[in-house]
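See below for upload_18.txt, which holds compact mmCIF, C-alpha atoms.
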```txt
# COMPACT_ATOMS: atom_id res chain seq x y z
CA MET M 16 0.00 0.00 0.00
CA SER M 17 2.85 2.39 0.74
CA ALA M 18 4.27 1.77 -2.77
CA LEU M 19 0.86 2.46 -4.29
CA THR M 20 0.53 5.64 -2.27
CA GLY M 21 3.99 6.80 -3.41
CA LEU M 22 3.12 6.10 -7.04
CA LEU M 23 -0.14 8.00 -6.76
CA ARG M 24 1.66 10.96 -5.19
CA GLY M 25 4.14 11.04 -8.08
CA VAL M 26 1.37 10.96 -10.68
CA TYR M 27 -0.55 13.53 -8.67
CA GLY M 28 2.36 15.99 -8.75
CA TRP M 29 2.85 15.45 -12.46
CA TRP M 30 -0.82 16.12 -13.15
CA TRP M 31 -0.59 19.51 -11.47
CA THR M 32 1.55 20.78 -14.37
CA VAL M 33 -0.02 18.79 -17.22
CA LEU M 34 -3.77 18.78 -16.61
CA PRO M 35 -4.50 22.54 -16.50
CA PRO M 36 -3.14 23.36 -19.99
CA VAL M 37 -4.49 20.12 -21.48
CA ALA M 38 -7.94 20.75 -20.02
CA GLY M 39 -7.95 24.39 -21.12
CA VAL M 40 -6.86 23.70 -24.71
CA ALA M 41 -9.12 20.66 -25.12
CA VAL M 42 -12.20 22.43 -23.74
CA MET M 43 -11.65 25.41 -26.05
CA ALA M 44 -11.17 23.03 -28.99
CA MET M 45 -14.36 21.22 -27.97
CA ILE M 46 -16.37 24.45 -27.94
CA ILE M 47 -15.03 25.59 -31.31
CA GLY M 48 -15.51 22.14 -32.79
CA ALA M 49 -19.07 21.79 -31.49
CA LEU M 50 -20.09 25.19 -32.85
CA VAL M 51 -18.08 25.34 -36.08
CA VAL M 52 -16.56 22.02 -37.16
CA ALA M 53 -19.26 19.45 -36.34
CA PRO M 54 -22.03 19.27 -38.96
CA ARG M 55 -25.60 20.20 -38.12
CA GLU M 56 -27.69 17.15 -37.28
CA SER M 57 -30.35 16.72 -39.96
CA VAL M 58 -33.25 15.70 -37.66
CA GLU M 59 -32.69 17.43 -34.30
CA GLY M 60 -30.86 20.48 -35.61
CA ASP M 61 -28.46 22.60 -33.59
CA VAL M 62 -29.76 21.39 -30.22
CA GLN M 63 -27.95 18.11 -30.94
CA ARG M 64 -24.68 19.97 -30.34
CA LEU M 65 -25.37 19.53 -26.62
CA LEU M 66 -24.17 15.97 -27.19
CA TYR M 67 -20.56 17.14 -26.95
CA ILE M 68 -21.11 18.22 -23.33
CA HIS M 69 -23.87 15.84 -22.30
CA PHE M 70 -22.30 12.47 -23.13
CA PRO M 71 -18.71 13.16 -21.97
CA SER M 72 -20.07 14.66 -18.74
CA ILE M 73 -21.84 11.50 -17.66
CA LEU M 74 -18.75 9.44 -18.52
CA ALA M 75 -16.66 11.81 -16.40
CA ALA M 76 -19.17 11.37 -13.58
CA TYR M 77 -18.96 7.59 -13.87
CA GLY M 78 -15.17 7.82 -13.69
CA ALA M 79 -15.35 10.03 -10.61
CA PHE M 80 -17.75 7.66 -8.86
CA ALA M 81 -15.48 4.73 -9.75
CA VAL M 82 -12.72 6.55 -7.84
CA VAL M 83 -15.13 7.04 -4.93
CA PHE M 84 -15.93 3.33 -5.01
CA VAL M 85 -12.27 2.25 -4.89
CA ALA M 86 -11.29 4.87 -2.30
CA SER M 87 -14.22 3.86 -0.09
CA ILE M 88 -13.12 0.22 -0.20
CA VAL M 89 -9.63 1.29 0.93
CA VAL M 90 -11.17 3.36 3.75
CA LEU M 91 -13.01 0.26 5.01
CA TRP M 92 -9.98 -1.96 4.52
CA ARG M 93 -7.20 0.25 5.88
CA GLY M 94 -9.01 2.94 7.86
CA ASP M 95 -6.79 5.53 6.12
CA LEU M 96 -8.60 8.88 6.15
CA ARG M 97 -6.44 10.16 3.29
CA TRP M 98 -8.53 7.95 1.04
CA ASP M 99 -11.66 9.43 2.59
CA ALA M 100 -10.41 12.77 1.25
CA VAL M 101 -9.93 11.21 -2.19
CA ALA M 102 -13.48 9.82 -2.09
CA ARG M 103 -14.97 13.15 -1.07
CA GLY M 104 -13.02 15.04 -3.71
CA ALA M 105 -14.05 12.65 -6.47
CA ALA M 106 -17.67 12.56 -5.27
CA THR M 107 -17.87 16.36 -5.50
CA VAL M 108 -16.76 16.22 -9.13
CA GLY M 109 -19.11 13.32 -9.85
CA VAL M 110 -22.08 15.24 -8.47
CA LEU M 111 -21.05 18.32 -10.48
CA PHE M 112 -20.91 16.46 -13.79
CA THR M 113 -24.03 14.44 -13.06
CA GLY M 114 -25.84 17.73 -12.50
CA LEU M 115 -24.41 19.05 -15.78
CA THR M 116 -25.64 15.90 -17.52
CA LEU M 117 -29.15 16.37 -16.14
CA ALA M 118 -29.19 20.07 -17.08
CA THR M 119 -28.01 19.55 -20.66
CA GLY M 120 -30.37 16.59 -21.01
CA ALA M 121 -33.29 18.78 -19.98
CA LEU M 122 -32.30 21.48 -22.48
CA TRP M 123 -31.93 18.83 -25.17
CA GLY M 124 -35.19 17.09 -24.26
CA LYS M 125 -37.44 20.14 -24.49
CA PRO M 126 -37.26 20.66 -28.29
CA VAL M 127 -37.01 16.91 -29.01
CA TRP M 128 -39.50 15.40 -26.53
CA GLY M 129 -41.56 18.50 -25.83
CA VAL M 130 -40.78 18.50 -22.08
CA TYR M 131 -37.77 19.36 -19.96
CA TRP M 132 -38.28 16.35 -17.73
CA THR M 133 -40.08 13.04 -17.80
CA TRP M 134 -39.86 10.16 -15.35
CA ASP M 135 -38.03 8.05 -17.88
CA ALA M 136 -36.04 5.09 -16.51
CA ARG M 137 -32.64 6.50 -17.46
CA LEU M 138 -33.43 10.06 -16.37
CA THR M 139 -34.89 8.90 -13.06
CA SER M 140 -32.00 6.55 -12.25
CA THR M 141 -29.51 9.33 -13.10
CA LEU M 142 -31.35 11.71 -10.78
CA VAL M 143 -31.19 9.04 -8.06
CA LEU M 144 -27.42 8.79 -8.60
CA PHE M 145 -27.12 12.58 -8.21
CA LEU M 146 -29.17 12.53 -4.99
CA ILE M 147 -27.27 9.55 -3.52
CA TYR M 148 -23.88 11.20 -3.78
CA ALA M 149 -25.19 14.64 -2.86
CA ALA M 150 -26.52 13.02 0.32
CA TYR M 151 -23.17 11.28 0.81
CA LEU M 152 -21.33 14.61 0.66
CA LEU M 153 -23.85 16.28 2.95
CA ALA M 154 -23.72 13.50 5.54
CA ARG M 155 -19.92 13.33 5.47
CA SER M 156 -19.59 17.12 5.81
CA MET M 157 -21.72 17.09 8.97
CA ALA M 158 -19.14 14.92 10.77
CA ASP M 159 -15.64 15.82 11.84
CA GLU M 160 -12.89 15.38 9.22
CA LEU M 161 -11.05 13.03 11.59
CA ASP M 162 -14.08 10.93 12.55
CA GLU M 163 -13.09 7.48 11.30
CA GLN M 164 -16.43 5.91 12.16
CA ALA M 165 -18.29 8.53 10.11
CA ALA M 166 -15.86 7.97 7.25
CA ARG M 167 -16.55 4.23 7.35
CA PHE M 168 -20.33 4.72 7.39
CA ALA M 169 -20.04 7.14 4.47
CA ALA M 170 -17.83 4.66 2.60
CA VAL M 171 -20.47 1.94 2.91
CA PHE M 172 -23.10 4.37 1.61
CA ALA M 173 -20.88 5.35 -1.33
CA ILE M 174 -20.22 1.72 -2.28
CA ILE M 175 -23.93 0.91 -2.23
CA GLY M 176 -24.66 4.04 -4.28
CA ALA M 177 -22.32 2.86 -7.02
CA LEU M 178 -24.72 -0.01 -7.72
CA ASP M 179 -27.00 2.54 -9.42
CA ILE M 180 -24.49 3.07 -12.25
CA PRO M 181 -25.07 -0.32 -13.97
CA LEU M 182 -28.80 0.33 -13.63
CA ILE M 183 -28.40 3.62 -15.51
CA MET M 184 -26.23 2.08 -18.21
CA PHE M 185 -28.58 -0.82 -18.97
CA SER M 186 -31.88 0.98 -18.37
CA VAL M 187 -32.44 1.70 -22.07
CA THR M 188 -32.16 -2.01 -22.91
CA TRP M 189 -34.09 -3.34 -19.92
CA TRP M 190 -37.09 -1.00 -20.24
CA ARG M 191 -38.84 1.03 -22.92
CA THR M 192 -37.63 4.59 -22.49
CA LEU M 193 -37.72 7.90 -24.33
CA HIS M 194 -33.96 8.04 -24.10
CA PRO M 195 -32.37 6.72 -27.32
CA GLN M 196 -30.47 3.47 -27.52
CA PRO M 197 -26.65 3.78 -27.11
CA ILE M 198 -25.99 4.73 -30.75
CA VAL M 199 -23.09 7.01 -29.79
CA MET M 200 -20.67 4.21 -28.96
CA ARG M 201 -21.67 2.28 -32.09
CA GLY M 202 -21.17 5.47 -34.08
CA LEU M 203 -17.53 5.72 -33.04
CA ASP M 204 -16.62 2.68 -35.14
CA SER M 205 -19.36 2.74 -37.80
CA PRO M 206 -20.80 5.14 -40.39
CA ALA M 207 -23.64 6.01 -37.96
CA MET M 208 -21.94 9.33 -37.16
CA PRO M 209 -20.18 11.65 -39.62
CA PRO M 210 -16.41 11.89 -39.15
CA GLY M 211 -16.68 15.51 -38.04
CA MET M 212 -18.98 14.54 -35.17
CA VAL M 213 -16.73 11.66 -34.13
CA MET M 214 -13.65 13.91 -34.09
CA VAL M 215 -15.32 16.61 -31.99
CA LEU M 216 -16.76 14.00 -29.64
CA LEU M 217 -13.31 12.50 -29.04
CA ILE M 218 -11.92 15.98 -28.33
CA ALA M 219 -14.83 16.53 -25.94
CA PHE M 220 -13.97 13.27 -24.12
CA LEU M 221 -10.41 14.49 -23.67
CA GLY M 222 -11.40 17.97 -22.53
CA ILE M 223 -14.13 16.96 -20.10
CA SER M 224 -12.04 14.09 -18.68
CA ALA M 225 -9.01 16.34 -18.14
CA LEU M 226 -11.19 19.02 -16.54
CA ALA M 227 -12.87 16.48 -14.24
CA ALA M 228 -9.51 15.03 -13.19
CA TRP M 229 -8.08 18.47 -12.48
CA LEU M 230 -11.11 19.50 -10.42
CA ALA M 231 -10.96 16.21 -8.50
CA ILE M 232 -7.30 16.80 -7.66
CA LEU M 233 -8.00 20.36 -6.52
CA ARG M 234 -10.89 19.20 -4.36
CA THR M 235 -8.88 16.32 -2.91
CA GLU M 236 -6.05 18.71 -2.04
CA THR M 237 -8.58 20.92 -0.25
CA GLU M 238 -9.85 17.92 1.72
CA TRP M 239 -6.29 16.90 2.65
CA LEU M 240 -5.53 20.42 3.87
CA ALA M 241 -8.72 20.42 5.93
CA LYS M 242 -7.71 17.13 7.58
CA ARG M 243 -4.21 18.40 8.30
CA SER M 244 -5.63 21.56 9.84
CA ALA M 245 -8.02 19.52 11.96
CA THR M 246 -5.13 17.30 13.09
CA LEU M 247 -3.04 20.32 14.07
CA ARG M 248 -5.96 21.86 15.96
CA ALA M 249 -6.54 18.61 17.83
CA THR M 250 -2.83 18.38 18.72
CA VAL M 251 -2.76 21.98 19.98
CA ASP M 252 -5.94 21.44 22.00
CA ARG M 253 -4.49 18.34 23.66
CA ARG M 254 -1.28 20.15 24.57
CA GLU M 255 -3.17 23.11 25.97
CA GLY M 256 -5.43 20.78 27.91
CA ALA M 257 -2.40 19.02 29.35
```
Final C-alpha cells representation of the file:
Amino acid sequence: MSALTGLLRGVYGWWWTVLPPVAGVAVMAMIIGALVVAPRESVEGDVQRLLYIHFPSILAAYGAFAVVFVASIVVLWRGDLRWDAVARGAATVGVLFTGLTLATGALWGKPVWGVYWTWDARLTSTLVLFLIYAAYLLARSMADELDEQAARFAAVFAIIGALDIPLIMFSVTWWRTLHPQPIVMRGLDSPAMPPGMVMVLLIAFLGISALAAWLAILRTETEWLAKRSATLRATVDRREGA
C-alpha cells in the first residue's frame, strides 16, 4: 500500500503541471468544434450539439464515482482517512458532472420530446445517482474530518450508491424509455456518425475528462488540507489541555 501511495503521489504531482493546460486547450477546442466544425444534425438540428457536453459529462461522472468506489473500499480496509479525502473530492466532481448531464439533457429534451423532464427510466435513475452522492457529501460534511467511524459509514453508503451506475447504463435495454439506444458508442466505429462529429466527440472526451480530473485533484487537495488543519488543531488542544 505504501508503494501504491507513493506512485499516486508522483502521478498527482505530475498532473498539477499537465492537466490545467491540457484541459484548457481541449475544452476550447471542444467548444469551437461543437459550434463550427461538427455538422448540423439533420433531424434534431443545432440542439444536438449539446451531445458534446452531455455524453462526456456522464462518462466523467462515472469515472469520478469509480474513484469514490475504490477509495471507499480502501477506507473500510485500511481505515486511512487520506482515502476518505480522495473519495470526497471525487464525489464532488461526480455530483457536479451528473448535475451538468441532467441540465443539458433537460435542455436537449425540451425541443425533441416537448418537455424538460419526464420520469423516464434512465433520467430517473440518473437523478437518483445525483441525490445519492449529494446526500453522501452532505452527511460526510456534517461529521468531523477526523471521525473514522463517520468515514466508514459514508464509505459503505458510497459503495452501495455505485450499484445505481449499472442500472443507468442498462436501463435503455431493460425497459422502454424515451432516451435513445446507445448509438453514440456504435457510431464511433461505424458510419452512424459523420467523421466531423466523431472527431469533436473525441476531443470533448479528452477535454471533459481532463477538466474532471483536475477538479478532483484540486478538491482532494482541499480535503487533505482540511484534515491536516483539523489534526493540528486537535494536537494543539491536547497540549493546551495538558
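With distances restricted to only C-alpha atoms, M:Ile183 is the closest residue to M:Leu138 from M:Val82, M:Ile183, M:Ile46, M:Ala158.
Checking M:Thr32, M:Ser224, M:Thr113, M:Thr119 one by one against M:Arg64, counting only C-alpha atoms, you find the shortest gap at M:Thr119.
Counting from atom CA of M:Val90, the distance to atom CA of M:Leu247 is 21.5 Å.
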Grab the atom CA of M:Arg103 to atom CA of M:Ala75 distance for me, in Å with one decimal place. 15.5 Å
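The shell of residues at most 10 Å from M:Asp61, with only C-alpha atoms counted and near chain neighbours (fewer than 6 positions) removed, consists of Ala49, Leu50, Pro54, Arg55 and Trp123 of chain M.
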I'd like the interatomic distance between atom CA of M:His69 and atom CA of M:Leu122, to a tenth of an Å. 10.1 Å
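Distances from M:Leu146, M:Val89, M:Leu152, M:Val108 to M:Arg234 were compared using only C-alpha atoms, and the smallest one belongs to M:Val108.
Among M:Gly104, M:Pro209, M:Pro71, M:Gly39, the residue with the shortest atom-to-atom distance to M:Ser87, counting all atoms listed in the file, is M:Gly104.
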Spatial neighbours of M:Leu74, max dist 12 Å, all atoms listed in the file, sep filter under 4 positions, as a ChimeraX atom specification: /M:67-70,78-81,108-109,112-113,115-116,180,183-184,200,219-225,227
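Residue nearest M:Ala136, chosen from M:Met157, M:Val62, M:Gly114, M:Ser186 and counting only C-alpha atoms: M:Ser186.
The residue that comes closest to M:Tyr148, out of M:Ala170, M:Val58, M:Val40, M:Leu161 and on the basis of all atoms listed in the file, is M:Ala170.
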Starting from the sparse input, extend stretch 50-76 of chain M to N, CA, C and O atoms and give the output as a PDB file, in the coordinates of the input.
```pdb
ATOM      1  N   LEU M  50     -19.358  24.089 -32.230  1.00  0.00           N
ATOM      2  CA  LEU M  50     -20.090  25.190 -32.850  1.00  0.00           C
ATOM      3  C   LEU M  50     -19.757  25.386 -34.327  1.00  0.00           C
ATOM      4  O   LEU M  50     -20.595  25.887 -35.087  1.00  0.00           O
ATOM      5  N   VAL M  51     -18.541  25.010 -34.734  1.00  0.00           N
ATOM      6  CA  VAL M  51     -18.080  25.340 -36.080  1.00  0.00           C
ATOM      7  C   VAL M  51     -17.797  24.101 -36.931  1.00  0.00           C
ATOM      8  O   VAL M  51     -18.246  23.996 -38.070  1.00  0.00           O
ATOM      9  N   VAL M  52     -17.049  23.151 -36.362  1.00  0.00           N
ATOM     10  CA  VAL M  52     -16.560  22.020 -37.160  1.00  0.00           C
ATOM     11  C   VAL M  52     -17.626  20.941 -37.347  1.00  0.00           C
ATOM     12  O   VAL M  52     -17.839  20.463 -38.469  1.00  0.00           O
ATOM     13  N   ALA M  53     -18.290  20.535 -36.263  1.00  0.00           N
ATOM     14  CA  ALA M  53     -19.260  19.450 -36.340  1.00  0.00           C
ATOM     15  C   ALA M  53     -20.440  19.849 -37.227  1.00  0.00           C
ATOM     16  O   ALA M  53     -20.959  20.963 -37.116  1.00  0.00           O
ATOM     17  N   PRO M  54     -20.887  18.945 -38.097  1.00  0.00           N
ATOM     18  CA  PRO M  54     -22.030  19.270 -38.960  1.00  0.00           C
ATOM     19  C   PRO M  54     -23.330  19.360 -38.174  1.00  0.00           C
ATOM     20  O   PRO M  54     -23.462  18.781 -37.088  1.00  0.00           O
ATOM     21  N   ARG M  55     -24.286  20.053 -38.738  1.00  0.00           N
ATOM     22  CA  ARG M  55     -25.600  20.200 -38.120  1.00  0.00           C
ATOM     23  C   ARG M  55     -26.374  18.892 -38.298  1.00  0.00           C
ATOM     24  O   ARG M  55     -26.470  18.363 -39.397  1.00  0.00           O
ATOM     25  N   GLU M  56     -26.936  18.399 -37.219  1.00  0.00           N
ATOM     26  CA  GLU M  56     -27.690  17.150 -37.280  1.00  0.00           C
ATOM     27  C   GLU M  56     -28.973  17.378 -38.066  1.00  0.00           C
ATOM     28  O   GLU M  56     -29.695  18.356 -37.843  1.00  0.00           O
ATOM     29  N   SER M  57     -29.279  16.476 -38.994  1.00  0.00           N
ATOM     30  CA  SER M  57     -30.350  16.720 -39.960  1.00  0.00           C
ATOM     31  C   SER M  57     -31.741  16.641 -39.336  1.00  0.00           C
ATOM     32  O   SER M  57     -32.673  17.280 -39.833  1.00  0.00           O
ATOM     33  N   VAL M  58     -31.919  15.876 -38.261  1.00  0.00           N
ATOM     34  CA  VAL M  58     -33.250  15.700 -37.660  1.00  0.00           C
ATOM     35  C   VAL M  58     -33.453  16.642 -36.481  1.00  0.00           C
ATOM     36  O   VAL M  58     -34.444  17.379 -36.410  1.00  0.00           O
ATOM     37  N   GLU M  59     -32.524  16.648 -35.528  1.00  0.00           N
ATOM     38  CA  GLU M  59     -32.690  17.430 -34.300  1.00  0.00           C
ATOM     39  C   GLU M  59     -32.204  18.859 -34.435  1.00  0.00           C
ATOM     40  O   GLU M  59     -32.548  19.709 -33.609  1.00  0.00           O
ATOM     41  N   GLY M  60     -31.352  19.126 -35.414  1.00  0.00           N
ATOM     42  CA  GLY M  60     -30.860  20.480 -35.610  1.00  0.00           C
ATOM     43  C   GLY M  60     -29.729  20.832 -34.666  1.00  0.00           C
ATOM     44  O   GLY M  60     -29.006  19.963 -34.158  1.00  0.00           O
ATOM     45  N   ASP M  61     -29.605  22.126 -34.386  1.00  0.00           N
ATOM     46  CA  ASP M  61     -28.460  22.600 -33.590  1.00  0.00           C
ATOM     47  C   ASP M  61     -28.506  22.155 -32.140  1.00  0.00           C
ATOM     48  O   ASP M  61     -27.460  22.119 -31.476  1.00  0.00           O
ATOM     49  N   VAL M  62     -29.694  21.818 -31.621  1.00  0.00           N
ATOM     50  CA  VAL M  62     -29.760  21.390 -30.220  1.00  0.00           C
ATOM     51  C   VAL M  62     -28.956  20.114 -29.990  1.00  0.00           C
ATOM     52  O   VAL M  62     -28.491  19.838 -28.866  1.00  0.00           O
ATOM     53  N   GLN M  63     -28.727  19.341 -31.063  1.00  0.00           N
ATOM     54  CA  GLN M  63     -27.950  18.110 -30.940  1.00  0.00           C
ATOM     55  C   GLN M  63     -26.506  18.382 -30.538  1.00  0.00           C
ATOM     56  O   GLN M  63     -25.814  17.502 -30.039  1.00  0.00           O
ATOM     57  N   ARG M  64     -26.051  19.629 -30.712  1.00  0.00           N
ATOM     58  CA  ARG M  64     -24.680  19.970 -30.340  1.00  0.00           C
ATOM     59  C   ARG M  64     -24.442  19.852 -28.837  1.00  0.00           C
ATOM     60  O   ARG M  64     -23.284  19.830 -28.382  1.00  0.00           O
ATOM     61  N   LEU M  65     -25.510  19.775 -28.058  1.00  0.00           N
ATOM     62  CA  LEU M  65     -25.370  19.530 -26.620  1.00  0.00           C
ATOM     63  C   LEU M  65     -24.753  18.156 -26.342  1.00  0.00           C
ATOM     64  O   LEU M  65     -24.250  17.913 -25.239  1.00  0.00           O
ATOM     65  N   LEU M  66     -24.785  17.284 -27.337  1.00  0.00           N
ATOM     66  CA  LEU M  66     -24.170  15.970 -27.190  1.00  0.00           C
ATOM     67  C   LEU M  66     -22.727  16.063 -26.726  1.00  0.00           C
ATOM     68  O   LEU M  66     -22.278  15.244 -25.907  1.00  0.00           O
ATOM     69  N   TYR M  67     -22.002  17.060 -27.204  1.00  0.00           N
ATOM     70  CA  TYR M  67     -20.560  17.140 -26.950  1.00  0.00           C
ATOM     71  C   TYR M  67     -20.250  17.548 -25.501  1.00  0.00           C
ATOM     72  O   TYR M  67     -19.096  17.453 -25.078  1.00  0.00           O
ATOM     73  N   ILE M  68     -21.258  17.988 -24.771  1.00  0.00           N
ATOM     74  CA  ILE M  68     -21.110  18.220 -23.330  1.00  0.00           C
ATOM     75  C   ILE M  68     -21.818  17.123 -22.551  1.00  0.00           C
ATOM     76  O   ILE M  68     -21.300  16.599 -21.568  1.00  0.00           O
ATOM     77  N   HIS M  69     -23.005  16.766 -23.023  1.00  0.00           N
ATOM     78  CA  HIS M  69     -23.870  15.840 -22.300  1.00  0.00           C
ATOM     79  C   HIS M  69     -23.242  14.464 -22.122  1.00  0.00           C
ATOM     80  O   HIS M  69     -23.120  13.961 -20.985  1.00  0.00           O
ATOM     81  N   PHE M  70     -22.816  13.841 -23.204  1.00  0.00           N
ATOM     82  CA  PHE M  70     -22.300  12.470 -23.130  1.00  0.00           C
ATOM     83  C   PHE M  70     -20.958  12.384 -22.402  1.00  0.00           C
ATOM     84  O   PHE M  70     -20.796  11.546 -21.508  1.00  0.00           O
ATOM     85  N   PRO M  71     -19.961  13.236 -22.733  1.00  0.00           N
ATOM     86  CA  PRO M  71     -18.710  13.160 -21.970  1.00  0.00           C
ATOM     87  C   PRO M  71     -18.880  13.470 -20.483  1.00  0.00           C
ATOM     88  O   PRO M  71     -18.126  12.967 -19.650  1.00  0.00           O
ATOM     89  N   SER M  72     -19.864  14.302 -20.146  1.00  0.00           N
ATOM     90  CA  SER M  72     -20.070  14.660 -18.740  1.00  0.00           C
ATOM     91  C   SER M  72     -20.497  13.468 -17.912  1.00  0.00           C
ATOM     92  O   SER M  72     -20.016  13.267 -16.788  1.00  0.00           O
ATOM     93  N   ILE M  73     -21.408  12.652 -18.452  1.00  0.00           N
ATOM     94  CA  ILE M  73     -21.840  11.500 -17.660  1.00  0.00           C
ATOM     95  C   ILE M  73     -20.726  10.462 -17.576  1.00  0.00           C
ATOM     96  O   ILE M  73     -20.567   9.791 -16.544  1.00  0.00           O
ATOM     97  N   LEU M  74     -19.893  10.350 -18.612  1.00  0.00           N
ATOM     98  CA  LEU M  74     -18.750   9.440 -18.520  1.00  0.00           C
ATOM     99  C   LEU M  74     -17.746   9.927 -17.488  1.00  0.00           C
ATOM    100  O   LEU M  74     -17.158   9.119 -16.756  1.00  0.00           O
ATOM    101  N   ALA M  75     -17.545  11.247 -17.421  1.00  0.00           N
ATOM    102  CA  ALA M  75     -16.660  11.810 -16.400  1.00  0.00           C
ATOM    103  C   ALA M  75     -17.229  11.544 -15.003  1.00  0.00           C
ATOM    104  O   ALA M  75     -16.482  11.237 -14.060  1.00  0.00           O
ATOM    105  N   ALA M  76     -18.545  11.659 -14.867  1.00  0.00           N
ATOM    106  CA  ALA M  76     -19.170  11.370 -13.580  1.00  0.00           C
ATOM    107  C   ALA M  76     -18.988   9.908 -13.194  1.00  0.00           C
ATOM    108  O   ALA M  76     -18.670   9.593 -12.035  1.00  0.00           O
TER     109      ALA M  76
END
```
